[in-house]
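Undergrad: Provided herewith is a single structure, encoded as structure tokens, for subsequent inquiry.
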Amino acid sequence: MSDQRGWAAPGPMPPDGNGPQDRPWTGYGPGHGTPPPPPPPPRLEYRPGIIPLRPLALGEIWSGVFATVRGNPGATLGLALVTTAAVLVPATALALWLAGQDLGLALVFETDPLADPDIASDPFLNATVASYLPVLAMWIASILLPVFMALVIGHAVQGQKVTLAQTWQQSRGRILTAVATTFLVIAMFVAVVVALIGVLVVLWATDSTGWAAGGTAVAIIASVTVGTYLWVKVGFAVTVVVLEGAGARRAIARSWQLTRGRPFWRIFGIRLLTSIVATIAGSIVATPIGLIALFAAGSPESTLIWLLPLSQAVSVLVQGVLVTPFVSGVDSLLYVDQRIRREGLDVMLMQQLHPSPSP
């Protein structure tokens with residue numbers, strides 16, 4: 001048997017006065033302050049895809065959206081471009097045609113003998129009215145883009161990439177439900193506006209004490225508050241339709257459930273800040289194009305007819321491709337974050353990605 005001894009755990013330190021040379025000097029002790037706390041253990045996190053599977057901070061949500069776009073350019077920017085162009089091109093063509101037509105403004109002259117007859121053929125007014133057609137088309141595209149972005153985000157969280165064709169194939173069955181959900185949400189906001197109008201009509205029709213102005217201010221503030229509350233509460237509805245396969249009413253109820261309690265204010269703050277950033281970014285893109293259209297107001301009629309609708313179309317195209325996917329991606333990742341915080345989605349995804357071996 002060899003006398004060589006293996007490594008053993010160190011024993012207790014000797015008492016004071018017994019072998020001080022065996023104790024390392026740390027600079028702490030009586031009269032030297034207190035020792036610093038030990039460093040925290042390194043935080044381990046599991047990141048199969050664009051985000052770590054744990055509750056997320058704002059920066060991680062935004063960076064996750066950018067990572068999704070970088071990793072899936074075809075399914076994000078490419079599909080946004082295709083979708084926007086598909087509705088924008090015919091709308092712009094129609095706007096260009098209408099800009100050179102009499103848009104029915106002559107009816108104003110027929111019913112009002114004092115109206116200026118030149119208004120009916122004002123090219124700037126005609127082109128301005130026609131230029132709103134691309135904006136309407138962009139609104140239609142904005143209903144579809146959150147569907148595609150939610151699907152891509154769902155795959156990206158698990159570290160999976162999807163192509164444009166795969167995204168379309170997997171999401172097309174949910175488009176009608178998502179559209180129905182969107183219109184149901186719009187109906188809720190319309191109800192708030194109708195209620196506001198009804199209150200204002202009653203206030204001003206029955207006002208005999210001069211309180212109508214104050215009541216109007218209170219009614220407007222109340223309606224804005226209710227509208228903002230709804231904006232947060234139903235913000236996950238389309239994402240629920242895509243990722244959970246829920247129907248329209250079930251998706252709204254599910255979104256309402258995920259946003260209850262104190263997290264409401266966090267979701268409100270993140271969505272509001274994201275909207276502000278997206279609006280500023282969109283304005284940076286749209287302002288130069290709008291200035292071109294503004295300076296073109298004194299251009300010849302033949303130039304003005306096509307320049308205003310076309311500049312509006314280019315503006316909404318750029319915003320639709322760059323801004324809408326970002327906002328939709330943030331909403332989808334907020335949904336994932338809420339499910340992690342409330343339902344342990346991170347644990348479920350870990351078990352799904354790495355199932356325990358069967359005995």
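We name chains A, B, ... following the order of the structure tokens; residues begin at 1 in each chain, and ligands are numbered from 1 as shown.
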I want to know what sits within 6 Å of region 325-335 of chain A, based on only C-alpha atoms, with residues of the same chain fewer than 4 positions away left out; could you give that as JSON, numbers by chain?
TA: {"A": [65, 146, 149, 150, 239]}
Undergrad: List as a ChimeraX atom specification the protein and nucleic acid residues near Val147 (chain A), meaning an atom at most 7 Å away when only C-alpha atoms are counted, but skip any in the same chain fewer than 6 places from it.
TA: /A:171,175,238-239,242
Undergrad: What lies within 12 Å of Gly78 (chain A) using only C-alpha atoms, ignoring chain neighbours under 6 positions off, as a ChimeraX atom specification?
TA: /A:69-70,72,84-85,145,148-149,162-165,167-168,320-322,325
Undergrad: Mind writing the picked residues with N, CA, C and O atoms as a short mmCIF file (atom, residue, chain, number, x, y, z; two decimals), in the first residue's frame?
TA:
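File produced: again_35.cif:
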```cif
data_model
loop_
_atom_site.label_atom_id
_atom_site.label_comp_id
_atom_site.auth_asym_id
_atom_site.auth_seq_id
_atom_site.Cartn_x
_atom_site.Cartn_y
_atom_site.Cartn_z
N VAL A 69 -36.42 38.93 -36.84
CA VAL A 69 -36.35 39.48 -38.20
C VAL A 69 -35.04 39.08 -38.88
O VAL A 69 -35.02 38.69 -40.05
N ARG A 70 -33.94 39.14 -38.12
CA ARG A 70 -32.65 38.75 -38.72
C ARG A 70 -32.61 37.27 -39.07
O ARG A 70 -32.06 36.89 -40.09
N ASN A 72 -35.23 35.29 -39.65
CA ASN A 72 -36.30 34.89 -40.57
C ASN A 72 -36.67 36.05 -41.48
O ASN A 72 -37.82 36.51 -41.47
N THR A 84 -48.23 43.62 -48.04
CA THR A 84 -48.52 45.04 -48.22
C THR A 84 -48.65 45.39 -49.69
O THR A 84 -49.57 46.11 -50.10
N ALA A 85 -47.75 44.86 -50.50
CA ALA A 85 -47.81 45.15 -51.93
C ALA A 85 -49.07 44.57 -52.57
O ALA A 85 -49.64 45.17 -53.48
N LEU A 145 -50.71 41.12 -41.03
CA LEU A 145 -49.32 41.02 -40.60
C LEU A 145 -49.15 40.49 -39.18
O LEU A 145 -48.23 39.70 -38.93
N PHE A 148 -49.05 36.61 -39.24
CA PHE A 148 -47.79 36.01 -39.69
C PHE A 148 -46.70 36.19 -38.65
O PHE A 148 -45.92 35.27 -38.38
N MET A 149 -46.64 37.38 -38.04
CA MET A 149 -45.57 37.65 -37.08
C MET A 149 -45.73 36.79 -35.84
O MET A 149 -44.73 36.32 -35.27
N VAL A 162 -38.52 29.49 -39.97
CA VAL A 162 -39.55 29.16 -40.95
C VAL A 162 -39.36 30.04 -42.18
O VAL A 162 -38.88 31.17 -42.08
N THR A 163 -39.72 29.50 -43.30
CA THR A 163 -39.64 30.25 -44.55
C THR A 163 -40.95 30.98 -44.81
O THR A 163 -41.95 30.80 -44.10
N LEU A 164 -40.95 31.79 -45.85
CA LEU A 164 -42.16 32.51 -46.22
C LEU A 164 -43.28 31.53 -46.56
O LEU A 164 -44.42 31.69 -46.12
N ALA A 165 -42.94 30.49 -47.34
CA ALA A 165 -43.97 29.52 -47.73
C ALA A 165 -44.50 28.76 -46.53
O ALA A 165 -45.72 28.51 -46.43
N THR A 167 -44.63 29.78 -43.43
CA THR A 167 -45.44 30.69 -42.62
C THR A 167 -46.84 30.83 -43.20
O THR A 167 -47.84 30.79 -42.49
N TRP A 168 -46.90 31.00 -44.51
CA TRP A 168 -48.21 31.12 -45.16
C TRP A 168 -49.01 29.83 -45.01
O TRP A 168 -50.20 29.86 -44.71
N GLY A 320 -45.36 49.92 -43.43
CA GLY A 320 -45.92 48.59 -43.27
C GLY A 320 -44.88 47.50 -43.21
O GLY A 320 -45.03 46.52 -42.46
N VAL A 321 -43.80 47.66 -43.94
CA VAL A 321 -42.76 46.63 -43.97
C VAL A 321 -41.86 46.72 -42.75
O VAL A 321 -41.40 45.69 -42.22
N LEU A 322 -41.61 47.92 -42.24
CA LEU A 322 -40.65 48.09 -41.16
C LEU A 322 -41.30 48.25 -39.78
O LEU A 322 -40.77 47.73 -38.79
N PRO A 325 -44.41 44.99 -38.49
CA PRO A 325 -43.86 43.74 -37.93
C PRO A 325 -43.22 43.93 -36.56
O PRO A 325 -43.30 43.03 -35.71
#
```
Undergrad: Find the distance between CA of Pro134 (chain A) and CA of Ala313 (chain A) and write it in Å to one decimal.
TA: 5.3 Å
